[in-house]
file model_1.txt (compact mmCIF, C-alpha atoms and all ligand atoms)
# COMPACT_ATOMS: atom_id res chain seq x y z
CA MET C 1 -17.01 -13.23 -21.77
CA VAL C 2 -16.96 -9.45 -21.78
CA TYR C 3 -17.53 -8.18 -18.23
CA ASP C 4 -19.21 -4.85 -17.54
CA LEU C 5 -16.34 -3.92 -15.26
CA MET C 6 -12.88 -5.19 -14.48
CA ILE C 7 -11.25 -4.06 -11.25
CA VAL C 8 -7.49 -4.31 -10.88
CA GLY C 9 -6.49 -4.53 -7.22
CA GLY C 10 -8.12 -6.19 -4.22
CA GLY C 11 -7.36 -3.63 -1.53
CA THR C 12 -9.89 -1.34 0.12
CA ALA C 13 -10.43 0.80 -3.00
CA GLY C 14 -10.88 -2.19 -5.32
CA LEU C 15 -13.11 -4.16 -2.96
CA THR C 16 -15.29 -1.12 -2.22
CA ALA C 17 -15.59 -0.51 -5.97
CA ALA C 18 -16.71 -4.14 -6.35
CA LEU C 19 -19.27 -3.68 -3.56
CA TYR C 20 -20.86 -0.69 -5.28
CA ALA C 21 -20.64 -2.15 -8.79
CA LEU C 22 -22.20 -5.50 -7.81
CA ARG C 23 -24.97 -3.73 -5.91
CA GLY C 24 -25.44 -1.61 -9.06
CA GLY C 25 -26.05 -4.76 -11.11
CA LEU C 26 -22.78 -4.95 -13.07
CA SER C 27 -20.92 -8.15 -13.93
CA VAL C 28 -17.53 -7.72 -12.27
CA LEU C 29 -14.14 -9.44 -12.51
CA LEU C 30 -11.58 -8.47 -9.89
CA LEU C 31 -7.90 -9.27 -10.48
CA GLU C 32 -5.51 -9.27 -7.52
CA GLY C 33 -1.79 -9.93 -7.93
CA SER C 34 -1.06 -11.14 -4.40
CA ALA C 35 -3.06 -11.36 -1.15
CA PRO C 36 -6.48 -9.69 -0.94
CA GLY C 37 -7.02 -6.85 1.49
CA GLY C 38 -4.22 -4.55 0.41
CA GLN C 39 -2.03 -2.46 2.69
CA ILE C 40 -4.48 -2.41 5.58
CA ILE C 41 -3.71 -6.04 6.46
CA SER C 42 -0.33 -4.88 7.79
CA THR C 43 -2.00 -2.47 10.26
CA PRO C 44 -2.43 -3.96 13.74
CA SER C 45 -5.27 -1.65 14.73
CA VAL C 46 -7.35 0.66 12.53
CA ASP C 47 -7.88 3.58 14.89
CA ASN C 48 -8.90 6.34 12.50
CA TYR C 49 -11.67 4.79 10.41
CA PRO C 50 -15.01 6.28 11.46
CA ALA C 51 -16.93 4.12 13.95
CA LEU C 52 -14.51 1.16 13.85
CA PRO C 53 -11.85 1.94 16.47
CA GLY C 54 -9.58 -0.94 17.37
CA LEU C 55 -10.53 -3.26 14.51
CA SER C 56 -7.42 -5.03 13.20
CA GLY C 57 -6.46 -4.52 9.56
CA VAL C 58 -6.82 -8.25 8.87
CA ASP C 59 -10.34 -8.32 10.40
CA TYR C 60 -11.34 -5.24 8.42
CA ALA C 61 -10.14 -6.81 5.15
CA GLN C 62 -11.83 -10.14 5.90
CA LYS C 63 -15.15 -8.45 6.62
CA LEU C 64 -14.98 -6.43 3.41
CA LEU C 65 -13.99 -9.49 1.40
CA ALA C 66 -16.87 -11.53 2.84
CA GLN C 67 -19.26 -8.66 2.07
CA VAL C 68 -18.33 -8.63 -1.65
CA HIS C 69 -18.13 -12.41 -1.99
CA ALA C 70 -21.68 -12.61 -0.64
CA LEU C 71 -22.71 -10.48 -3.64
CA GLY C 72 -21.14 -13.01 -6.05
CA LEU C 73 -17.82 -11.39 -6.93
CA THR C 74 -15.64 -13.22 -9.47
CA MET C 75 -12.05 -12.85 -8.30
CA ARG C 76 -8.80 -14.18 -9.79
CA TYR C 77 -5.35 -14.07 -8.24
CA GLU C 78 -3.39 -12.92 -11.26
CA GLN C 79 -0.98 -10.04 -11.76
CA VAL C 80 -1.90 -7.67 -14.58
CA LEU C 81 1.00 -7.33 -17.00
CA GLU C 82 -0.56 -5.32 -19.83
CA LEU C 83 -3.63 -3.24 -20.37
CA SER C 84 -5.29 -1.80 -23.46
CA ALA C 85 -7.96 0.73 -22.53
CA THR C 86 -8.64 2.51 -25.82
CA GLY C 87 -11.94 1.71 -27.51
CA ASP C 88 -15.21 0.40 -26.08
CA ILE C 89 -13.86 -3.05 -25.16
CA LYS C 90 -10.86 -2.95 -22.87
CA THR C 91 -8.37 -5.80 -22.52
CA VAL C 92 -6.14 -6.87 -19.69
CA ARG C 93 -3.41 -9.51 -20.00
CA THR C 94 -2.03 -11.58 -17.14
CA LYS C 95 0.51 -14.45 -17.22
CA LYS C 96 -2.38 -16.92 -17.55
CA ALA C 97 -5.03 -15.26 -19.72
CA GLU C 98 -6.58 -12.25 -21.39
CA TYR C 99 -9.75 -10.68 -20.01
CA GLN C 100 -12.15 -8.18 -21.52
CA ALA C 101 -14.51 -5.63 -20.06
CA ARG C 102 -16.41 -2.52 -21.08
CA SER C 103 -14.87 -0.50 -18.28
CA ILE C 104 -11.92 -0.73 -15.91
CA ILE C 105 -11.22 0.56 -12.42
CA TRP C 106 -7.49 0.62 -11.73
CA ALA C 107 -6.98 0.25 -7.98
CA ALA C 108 -3.56 -1.41 -7.90
CA GLY C 109 -2.34 0.57 -4.90
CA VAL C 110 1.24 1.14 -3.89
CA LYS C 111 4.28 -0.94 -2.91
CA PRO C 112 6.90 -0.26 -0.23
CA ARG C 113 9.66 2.19 -1.17
CA LEU C 114 13.21 0.91 -0.61
CA ILE C 115 15.54 2.70 1.80
CA GLY C 116 18.16 2.51 -0.95
CA CYS C 117 21.22 1.69 1.17
CA PRO C 118 23.82 -1.07 0.62
CA GLY C 119 22.81 -4.42 2.12
CA GLU C 120 19.04 -3.78 1.95
CA GLN C 121 18.13 -5.92 -1.03
CA ARG C 122 20.62 -8.71 -0.24
CA LEU C 123 19.22 -9.09 3.30
CA THR C 124 15.51 -8.69 2.47
CA GLY C 125 13.77 -11.69 4.02
CA ARG C 126 16.88 -12.28 6.15
CA GLY C 127 16.25 -9.61 8.73
CA VAL C 128 15.04 -6.78 6.47
CA SER C 129 11.24 -6.55 6.38
CA TYR C 130 8.60 -4.12 5.12
CA CYS C 131 5.76 -5.26 7.40
CA ALA C 132 5.89 -5.41 11.19
CA THR C 133 2.47 -7.04 11.52
CA CYS C 134 3.59 -9.83 9.18
CA ASP C 135 7.09 -10.45 10.55
CA GLY C 136 7.20 -8.79 13.99
CA ALA C 137 6.47 -12.00 15.92
CA LEU C 138 9.80 -13.41 14.70
CA TYR C 139 11.56 -10.80 16.85
CA ARG C 140 9.88 -11.39 20.20
CA GLY C 141 12.18 -10.24 23.01
CA ARG C 142 14.84 -9.06 20.54
CA THR C 143 16.20 -5.74 19.31
CA VAL C 144 14.95 -4.22 16.06
CA ALA C 145 15.12 -0.95 14.13
CA VAL C 146 12.37 0.89 12.28
CA ILE C 147 13.35 3.34 9.55
CA GLY C 148 11.14 6.34 8.64
CA GLY C 149 9.28 9.25 10.16
CA GLY C 150 5.74 8.98 8.77
CA SER C 151 2.62 7.47 10.35
CA ALA C 152 3.58 4.04 9.05
CA ALA C 153 6.98 4.10 10.81
CA LEU C 154 5.40 5.36 14.05
CA THR C 155 2.69 2.67 13.91
CA GLU C 156 5.24 -0.06 13.20
CA ALA C 157 7.49 1.13 16.05
CA LEU C 158 4.58 1.10 18.51
CA PHE C 159 3.48 -2.35 17.42
CA LEU C 160 7.01 -3.75 17.71
CA ALA C 161 7.52 -2.08 21.11
CA GLY C 162 4.83 -4.42 22.43
CA ILE C 163 6.75 -7.49 21.24
CA CYS C 164 10.43 -6.64 21.21
CA HIS C 165 12.94 -5.86 23.94
CA GLU C 166 14.04 -2.62 22.24
CA VAL C 167 13.01 -0.69 19.15
CA HIS C 168 15.38 1.84 17.57
CA LEU C 169 13.46 4.37 15.48
CA ILE C 170 15.74 6.00 12.93
CA HIS C 171 14.55 9.11 11.10
CA ARG C 172 16.48 11.46 8.84
CA ARG C 173 14.82 14.68 10.12
CA ALA C 174 14.45 16.45 13.47
CA GLU C 175 10.63 16.18 13.40
CA PHE C 176 8.25 13.37 12.51
CA ARG C 177 6.00 13.72 9.51
CA GLY C 178 3.40 11.29 10.91
CA GLU C 179 0.33 11.98 13.07
CA ALA C 180 1.08 13.92 16.31
CA ILE C 181 -0.93 11.45 18.43
CA LEU C 182 1.29 8.59 17.22
CA ALA C 183 4.49 10.61 17.74
CA ASP C 184 3.41 11.35 21.34
CA LYS C 185 2.83 7.64 22.00
CA VAL C 186 6.24 6.79 20.53
CA ARG C 187 7.98 9.37 22.76
CA ALA C 188 6.14 7.99 25.79
CA ALA C 189 7.03 4.35 25.09
CA GLY C 190 9.72 3.12 27.46
CA ASN C 191 11.54 0.89 24.96
CA ILE C 192 11.60 3.02 21.79
CA ILE C 193 14.95 4.76 21.34
CA LEU C 194 14.92 7.69 18.90
CA HIS C 195 17.78 8.41 16.50
CA MET C 196 16.78 11.68 14.85
CA GLN C 197 18.58 13.38 11.93
CA THR C 198 20.18 10.02 11.33
CA VAL C 199 20.34 7.87 8.21
CA VAL C 200 21.14 4.22 7.64
CA ALA C 201 24.37 4.21 5.62
CA GLU C 202 24.49 0.40 5.38
CA ILE C 203 22.76 -2.75 6.59
CA ILE C 204 25.46 -5.22 7.57
CA GLY C 205 25.34 -8.98 8.05
CA ASP C 206 26.64 -12.18 6.55
CA LYS C 207 23.68 -14.59 6.39
CA ARG C 208 21.30 -12.34 8.36
CA VAL C 209 21.12 -8.73 9.55
CA GLU C 210 23.67 -8.16 12.32
CA LYS C 211 24.03 -4.40 12.58
CA LEU C 212 23.31 -1.04 11.01
CA ARG C 213 25.87 1.59 10.13
CA LEU C 214 24.24 4.86 11.14
CA ARG C 215 25.31 8.32 10.05
CA THR C 216 24.44 11.47 11.99
CA GLY C 217 25.99 14.47 10.27
CA THR C 218 29.47 13.22 9.44
CA ALA C 219 29.75 10.87 12.43
CA GLU C 220 29.23 7.14 11.85
CA ARG C 221 28.53 4.42 14.39
CA ASP C 222 27.33 0.81 14.37
CA LEU C 223 24.13 -0.37 16.05
CA ALA C 224 23.59 -4.10 16.66
CA VAL C 225 20.05 -5.22 15.72
CA ASP C 226 18.30 -8.50 14.93
CA GLY C 227 15.89 -7.05 12.39
CA VAL C 228 15.15 -3.90 10.38
CA PHE C 229 11.68 -2.72 9.41
CA ALA C 230 11.69 -0.20 6.57
CA ALA C 231 8.70 2.18 6.54
CA VAL C 232 9.90 4.98 4.29
CA GLY C 233 6.79 5.47 2.21
CA ARG C 234 5.19 3.84 -0.78
CA GLU C 235 5.33 3.98 -4.59
CA PRO C 236 2.43 3.49 -7.00
CA GLU C 237 2.00 0.25 -8.94
CA ASN C 238 0.98 1.97 -12.17
CA ALA C 239 3.48 0.68 -14.75
CA PRO C 240 0.92 -1.08 -17.04
CA LEU C 241 -1.12 2.15 -17.21
CA ALA C 242 1.72 4.20 -18.68
CA VAL C 243 0.96 3.02 -22.24
CA CYS C 244 -2.54 4.51 -22.26
CA ILE C 245 -2.45 7.53 -19.93
CA GLU C 246 0.11 10.04 -18.82
CA LEU C 247 1.27 9.54 -15.23
CA ASP C 248 2.55 12.40 -13.08
CA GLU C 249 6.23 12.85 -12.22
CA GLN C 250 5.95 10.46 -9.23
CA GLY C 251 4.11 7.83 -11.26
CA TYR C 252 0.61 8.50 -9.84
CA VAL C 253 -2.51 8.78 -12.03
CA PRO C 254 -3.43 12.46 -12.32
CA ALA C 255 -7.20 12.02 -11.84
CA GLY C 256 -9.40 14.23 -9.69
CA GLU C 257 -11.95 13.38 -6.98
CA ASP C 258 -14.30 12.00 -9.69
CA CYS C 259 -11.75 9.18 -10.31
CA ARG C 260 -12.05 9.63 -14.11
CA THR C 261 -8.90 9.37 -16.22
CA THR C 262 -8.32 10.94 -19.64
CA GLN C 263 -9.32 7.59 -21.19
CA PRO C 264 -13.13 7.11 -21.39
CA GLY C 265 -14.21 4.06 -19.40
CA LEU C 266 -10.94 3.86 -17.43
CA PHE C 267 -11.22 4.95 -13.80
CA VAL C 268 -8.68 5.03 -10.97
CA ALA C 269 -9.26 4.55 -7.25
CA GLY C 270 -7.21 4.53 -4.07
CA ASP C 271 -3.58 5.25 -3.26
CA CYS C 272 -2.38 4.93 -6.88
CA ARG C 273 -4.32 8.12 -7.74
CA ARG C 274 -2.74 11.55 -7.21
CA LYS C 275 -4.40 12.84 -4.02
CA PRO C 276 -3.59 14.86 -0.91
CA LEU C 277 -4.58 12.21 1.68
CA ARG C 278 -3.94 8.47 1.40
CA GLN C 279 -6.00 6.81 4.10
CA LEU C 280 -8.37 3.86 4.44
CA VAL C 281 -11.33 6.23 4.42
CA THR C 282 -10.22 7.97 1.20
CA ALA C 283 -9.49 4.61 -0.48
CA ALA C 284 -13.02 3.41 0.36
CA ALA C 285 -14.48 6.70 -0.85
CA ASP C 286 -12.59 6.42 -4.16
CA GLY C 287 -13.89 2.89 -4.68
CA ALA C 288 -17.49 4.06 -4.27
CA VAL C 289 -17.00 7.11 -6.51
CA ALA C 290 -15.20 5.15 -9.26
CA ALA C 291 -17.82 2.38 -9.34
CA THR C 292 -20.64 4.91 -9.51
CA ALA C 293 -18.82 6.70 -12.35
CA ALA C 294 -18.37 3.37 -14.18
CA ILE C 295 -22.09 2.57 -13.82
CA GLU C 296 -22.96 6.01 -15.25
CA TYR C 297 -20.44 5.58 -18.10
CA LEU C 298 -21.91 2.18 -19.06
CA ARG C 299 -25.47 3.54 -18.99
CA LEU C 300 -24.50 6.37 -21.35
CA GLN C 301 -22.78 3.84 -23.67
CA GLU C 302 -26.00 1.84 -23.89
CA ARG C 303 -28.11 4.78 -25.02
P1 LIG V 401 5.16 8.99 4.38
O1 LIG V 401 4.15 9.74 5.16
O2 LIG V 401 5.48 9.40 2.99
O3 LIG V 401 6.50 8.98 5.24
C1 LIG V 401 7.66 8.38 4.74
C2 LIG V 401 8.78 8.69 5.71
O4 LIG V 401 9.95 8.03 5.29
C3 LIG V 401 9.10 10.17 5.79
O5 LIG V 401 9.36 10.50 7.12
C4 LIG V 401 10.34 10.29 4.92
O6 LIG V 401 11.21 11.28 5.35
C5 LIG V 401 11.02 8.96 5.14
N1 LIG V 401 11.80 8.53 3.99
C6 LIG V 401 11.46 8.51 2.69
N2 LIG V 401 12.45 7.98 1.94
C7 LIG V 401 13.44 7.67 2.81
C8 LIG V 401 14.72 7.07 2.66
N3 LIG V 401 15.17 6.66 1.47
N4 LIG V 401 15.48 6.88 3.76
C9 LIG V 401 15.04 7.26 4.99
N5 LIG V 401 13.83 7.82 5.19
C10 LIG V 401 13.04 8.02 4.11
O7 LIG V 401 4.79 7.43 4.24
P2 LIG V 401 4.02 6.43 5.25
O8 LIG V 401 4.42 6.64 6.64
O9 LIG V 401 4.17 5.08 4.62
O10 LIG V 401 2.51 6.87 5.09
C11 LIG V 401 1.91 6.82 3.80
C12 LIG V 401 0.46 7.28 3.90
O11 LIG V 401 -0.26 6.34 4.69
C13 LIG V 401 0.36 8.63 4.59
O12 LIG V 401 -0.68 9.35 3.97
C14 LIG V 401 -0.01 8.28 6.01
O13 LIG V 401 -0.76 9.27 6.65
C15 LIG V 401 -0.83 7.00 5.81
N6 LIG V 401 -0.73 6.14 7.01
C16 LIG V 401 -1.51 6.45 8.07
C17 LIG V 401 -1.46 5.70 9.23
C18 LIG V 401 -2.35 6.09 10.35
O14 LIG V 401 -3.10 7.00 10.17
N7 LIG V 401 -2.30 5.46 11.48
C19 LIG V 401 -0.59 4.62 9.33
C20 LIG V 401 0.22 4.33 8.24
C21 LIG V 401 0.15 5.11 7.09
P3 LIG V 401 10.85 12.84 5.22
O15 LIG V 401 9.99 13.14 6.40
O16 LIG V 401 12.18 13.46 5.23
O17 LIG V 401 10.16 12.99 3.90
call {"tool": "encode", "arguments": {"input": "model_1.txt", "output": "structure tokens", "more": "lines below"}}
Ligand code: NAP
result
Amino acid sequence: MVYDLMIVGGGTAGLTAALYALRGGLSVLLLEGSAPGGQIISTPSVDNYPALPGLSGVDYAQKLLAQVHALGLTMRYEQVLELSATGDIKTVRTKKAEYQARSIIWAAGVKPRLIGCPGEQRLTGRGVSYCATCDGALYRGRTVAVIGGGSAALTEALFLAGICHEVHLIHRRAEFRGEAILADKVRAAGNIILHMQTVVAEIIGDKRVEKLRLRTGTAERDLAVDGVFAAVGREPENAPLAVCIELDEQGYVPAGEDCRTTQPGLFVAGDCRRKPLRQLVTAAADGAVAATAAIEYLRLQER
């Protein structure tokens, strides 16, 4: 079968694209490499999406998923390995199969960036985590560290402060990059200890994380912790695209607000696109714009 549209990625951008495309009458296949819902499922409370204050990320994703399934979405849990987007019929290959469509929306999102210090990879899953909502409950009443200074690190620290005995927030600069309202809440929390202008030189532990070696200037010291939550940003999941379009120096797709790439019939939506603001609301907006552009592209092809 040749679908009208294939969507790669089942996060907010991909699911919103599916919503608009299905309502626009297209046949749609959505491919998702892991769990549906995308990054938002690791957010305890979505407080900056218009009109939905306090909704949890998991609830948000489930509602969106139910909304598109009710429209008859075909969804497969398969990781896209290769993509050929030249020509009128585009092909995507996964481990299990090859799929074809007349247009593609790439909405594969981003993955957590590594801190890049010794011990991190060896102890991942053994005390090193990239998602407080997923793993935080394992550290109830214990001492953890959060690394980073963006909104994600501040959100993770606040969430963990409600569960853990103590949260050490370690950031390499003197100021936070994240939202001021979150930084104020972090400073006001009684059990979040700030370590500014400090980096993690090493994560130490035999079978599990035991301590961090911290470096402030030239001074080093050890900090005993039970777990480490890295929140040092994200990187795009665009590798399969590199064969058919040029990515920017950070690996993002250099498409504008219209979500069109240099390849006719190939659109990009969400955090994997080069953009000034990566938020739930901009991911949803991209999904709507990309699906509408795909519908228009297919109509012009039929003429
Ligand atoms: P981010 O804003 O890029 O912040 C990453 C942080 O990690 C920065 O403080 C950065 O330091 C630090 N960092 C990067 N590499 C590091 C390394 N190797 N070692 C130590 N620190 C390192 O990323 P984010 O916090 O994941 O946020 C990503 C996007 O999602 C943003 O647009 C953000 O607004 C959005 N977001 C929003 C919310 C919310 O609104 N509630 C929640 C989560 C995420 P520097 O400051 O020195 O660069």
call {"tool": "atom_distance", "arguments": {"input": "model_1.txt", "atom1": "atom N2 of ligand LIG 401 (chain V)", "atom2": "CA of His171 (chain C)"}}
result
9.5 Å
call {"tool": "atom_distance", "arguments": {"input": "model_1.txt", "atom1": "atom O2 of ligand LIG 401 (chain V)", "atom2": "CA of Val8 (chain C)"}}
result
23.4 Å
call {"tool": "residues_near_ligand", "arguments": {"input": "model_1.txt", "ligand": "ligand LIG 401 (chain V)", "cutoff": "8 Å", "atoms": "all atoms listed in the file", "output": "PyMOL selection string"}}
result
chain C and resi 43+46-48+112-117+147-155+171-173+175-179+182+199-200+231-234+276-279
call {"tool": "residues_near_point", "arguments": {"input": "model_1.txt", "point": "(-16.9, -10.5, -11.3)", "cutoff": "12 Å", "atoms": "only C-alpha atoms", "output": "PyMOL selection string"}}
result
chain C and resi 1-8+14-15+17-19+21-23+25-31+68-76+99-101+104
call {"tool": "closest_residue", "arguments": {"input": "model_1.txt", "among": "C:His195, C:Lys185, C:Lys96, C:Arg208", "to": "Ser129 (chain C)", "atoms": "all atoms listed in the file"}}
result
C:Arg208
call {"tool": "residues_around", "arguments": {"input": "model_1.txt", "residues": "Gly227 (chain C)", "least_positions_apart": "3", "cutoff": "8 Å", "atoms": "all atoms listed in the file", "output": "PyMOL selection string"}}
result
chain C and resi 127-129+139+143-145+209-210
call {"tool": "decode", "arguments": {"input": "model_1.txt", "residues": "region 32-55 of chain C", "atoms": "N, CA, C and O atoms", "output": "PDB file, in the first residue's frame"}}
result
ATOM      1  N   GLU C  32       6.644   4.948  15.137  1.00  0.00           N
ATOM      2  CA  GLU C  32       7.235   5.449  16.395  1.00  0.00           C
ATOM      3  C   GLU C  32       8.243   4.408  16.888  1.00  0.00           C
ATOM      4  O   GLU C  32       7.911   3.232  17.007  1.00  0.00           O
ATOM      5  N   GLY C  33       9.458   4.868  17.179  1.00  0.00           N
ATOM      6  CA  GLY C  33      10.536   3.942  17.543  1.00  0.00           C
ATOM      7  C   GLY C  33      10.482   3.442  18.967  1.00  0.00           C
ATOM      8  O   GLY C  33      11.022   2.388  19.280  1.00  0.00           O
ATOM      9  N   SER C  34       9.837   4.183  19.864  1.00  0.00           N
ATOM     10  CA  SER C  34       9.765   3.690  21.252  1.00  0.00           C
ATOM     11  C   SER C  34       8.348   3.909  21.799  1.00  0.00           C
ATOM     12  O   SER C  34       7.390   3.443  21.210  1.00  0.00           O
ATOM     13  N   ALA C  35       8.235   4.631  22.917  1.00  0.00           N
ATOM     14  CA  ALA C  35       6.904   4.835  23.502  1.00  0.00           C
ATOM     15  C   ALA C  35       6.229   6.050  22.861  1.00  0.00           C
ATOM     16  O   ALA C  35       6.902   7.029  22.547  1.00  0.00           O
ATOM     17  N   PRO C  36       4.896   6.001  22.664  1.00  0.00           N
ATOM     18  CA  PRO C  36       4.228   7.168  22.094  1.00  0.00           C
ATOM     19  C   PRO C  36       4.128   8.299  23.114  1.00  0.00           C
ATOM     20  O   PRO C  36       4.193   8.055  24.321  1.00  0.00           O
ATOM     21  N   GLY C  37       4.006   9.499  22.629  1.00  0.00           N
ATOM     22  CA  GLY C  37       3.833  10.633  23.538  1.00  0.00           C
ATOM     23  C   GLY C  37       5.007  11.583  23.508  1.00  0.00           C
ATOM     24  O   GLY C  37       4.874  12.766  23.759  1.00  0.00           O
ATOM     25  N   GLY C  38       6.196  11.043  23.242  1.00  0.00           N
ATOM     26  CA  GLY C  38       7.377  11.895  23.137  1.00  0.00           C
ATOM     27  C   GLY C  38       7.855  12.419  24.480  1.00  0.00           C
ATOM     28  O   GLY C  38       7.537  11.881  25.541  1.00  0.00           O
ATOM     29  N   GLN C  39       8.624  13.508  24.395  1.00  0.00           N
ATOM     30  CA  GLN C  39       9.286  14.049  25.598  1.00  0.00           C
ATOM     31  C   GLN C  39       8.316  14.463  26.699  1.00  0.00           C
ATOM     32  O   GLN C  39       8.654  14.443  27.867  1.00  0.00           O
ATOM     33  N   ILE C  40       7.100  14.849  26.307  1.00  0.00           N
ATOM     34  CA  ILE C  40       6.202  15.441  27.309  1.00  0.00           C
ATOM     35  C   ILE C  40       5.828  14.426  28.397  1.00  0.00           C
ATOM     36  O   ILE C  40       5.488  14.816  29.522  1.00  0.00           O
ATOM     37  N   ILE C  41       5.945  13.132  28.090  1.00  0.00           N
ATOM     38  CA  ILE C  41       5.559  12.139  29.112  1.00  0.00           C
ATOM     39  C   ILE C  41       6.500  12.179  30.321  1.00  0.00           C
ATOM     40  O   ILE C  41       6.180  11.663  31.372  1.00  0.00           O
ATOM     41  N   SER C  42       7.665  12.818  30.167  1.00  0.00           N
ATOM     42  CA  SER C  42       8.556  12.916  31.331  1.00  0.00           C
ATOM     43  C   SER C  42       8.343  14.222  32.105  1.00  0.00           C
ATOM     44  O   SER C  42       9.098  14.549  33.007  1.00  0.00           O
ATOM     45  N   THR C  43       7.295  14.967  31.769  1.00  0.00           N
ATOM     46  CA  THR C  43       7.003  16.223  32.479  1.00  0.00           C
ATOM     47  C   THR C  43       5.883  15.988  33.492  1.00  0.00           C
ATOM     48  O   THR C  43       4.790  15.580  33.105  1.00  0.00           O
ATOM     49  N   PRO C  44       6.142  16.210  34.777  1.00  0.00           N
ATOM     50  CA  PRO C  44       5.110  15.929  35.779  1.00  0.00           C
ATOM     51  C   PRO C  44       3.870  16.791  35.617  1.00  0.00           C
ATOM     52  O   PRO C  44       2.750  16.316  35.804  1.00  0.00           O
ATOM     53  N   SER C  45       4.069  18.066  35.263  1.00  0.00           N
ATOM     54  CA  SER C  45       2.918  18.964  35.167  1.00  0.00           C
ATOM     55  C   SER C  45       3.159  19.975  34.045  1.00  0.00           C
ATOM     56  O   SER C  45       4.163  20.684  34.047  1.00  0.00           O
ATOM     57  N   VAL C  46       2.246  20.002  33.079  1.00  0.00           N
ATOM     58  CA  VAL C  46       2.386  20.917  31.937  1.00  0.00           C
ATOM     59  C   VAL C  46       1.774  22.255  32.340  1.00  0.00           C
ATOM     60  O   VAL C  46       0.556  22.408  32.306  1.00  0.00           O
ATOM     61  N   ASP C  47       2.608  23.196  32.748  1.00  0.00           N
ATOM     62  CA  ASP C  47       2.051  24.433  33.298  1.00  0.00           C
ATOM     63  C   ASP C  47       2.074  25.608  32.335  1.00  0.00           C
ATOM     64  O   ASP C  47       1.616  26.702  32.688  1.00  0.00           O
ATOM     65  N   ASN C  48       2.605  25.401  31.120  1.00  0.00           N
ATOM     66  CA  ASN C  48       2.665  26.540  30.204  1.00  0.00           C
ATOM     67  C   ASN C  48       2.001  26.270  28.860  1.00  0.00           C
ATOM     68  O   ASN C  48       2.264  26.956  27.885  1.00  0.00           O
ATOM     69  N   TYR C  49       1.120  25.283  28.810  1.00  0.00           N
ATOM     70  CA  TYR C  49       0.343  25.051  27.589  1.00  0.00           C
ATOM     71  C   TYR C  49      -0.986  25.773  27.772  1.00  0.00           C
ATOM     72  O   TYR C  49      -1.657  25.573  28.791  1.00  0.00           O
ATOM     73  N   PRO C  50      -1.376  26.616  26.800  1.00  0.00           N
ATOM     74  CA  PRO C  50      -2.569  27.444  27.008  1.00  0.00           C
ATOM     75  C   PRO C  50      -3.797  26.628  27.427  1.00  0.00           C
ATOM     76  O   PRO C  50      -4.132  25.626  26.803  1.00  0.00           O
ATOM     77  N   ALA C  51      -4.423  27.069  28.497  1.00  0.00           N
ATOM     78  CA  ALA C  51      -5.703  26.544  28.991  1.00  0.00           C
ATOM     79  C   ALA C  51      -5.642  25.153  29.615  1.00  0.00           C
ATOM     80  O   ALA C  51      -6.679  24.583  29.934  1.00  0.00           O
ATOM     81  N   LEU C  52      -4.434  24.581  29.766  1.00  0.00           N
ATOM     82  CA  LEU C  52      -4.347  23.246  30.382  1.00  0.00           C
ATOM     83  C   LEU C  52      -3.395  23.228  31.579  1.00  0.00           C
ATOM     84  O   LEU C  52      -2.559  22.342  31.685  1.00  0.00           O
ATOM     85  N   PRO C  53      -3.477  24.178  32.487  1.00  0.00           N
ATOM     86  CA  PRO C  53      -2.512  24.186  33.586  1.00  0.00           C
ATOM     87  C   PRO C  53      -2.679  22.951  34.477  1.00  0.00           C
ATOM     88  O   PRO C  53      -3.794  22.525  34.748  1.00  0.00           O
ATOM     89  N   GLY C  54      -1.531  22.366  34.847  1.00  0.00           N
ATOM     90  CA  GLY C  54      -1.579  21.276  35.820  1.00  0.00           C
ATOM     91  C   GLY C  54      -1.793  19.898  35.240  1.00  0.00           C
ATOM     92  O   GLY C  54      -1.685  18.911  35.966  1.00  0.00           O
ATOM     93  N   LEU C  55      -2.078  19.807  33.939  1.00  0.00           N
ATOM     94  CA  LEU C  55      -2.257  18.483  33.339  1.00  0.00           C
ATOM     95  C   LEU C  55      -0.894  17.775  33.324  1.00  0.00           C
ATOM     96  O   LEU C  55       0.117  18.396  33.005  1.00  0.00           O
TER      97      LEU C  55
END
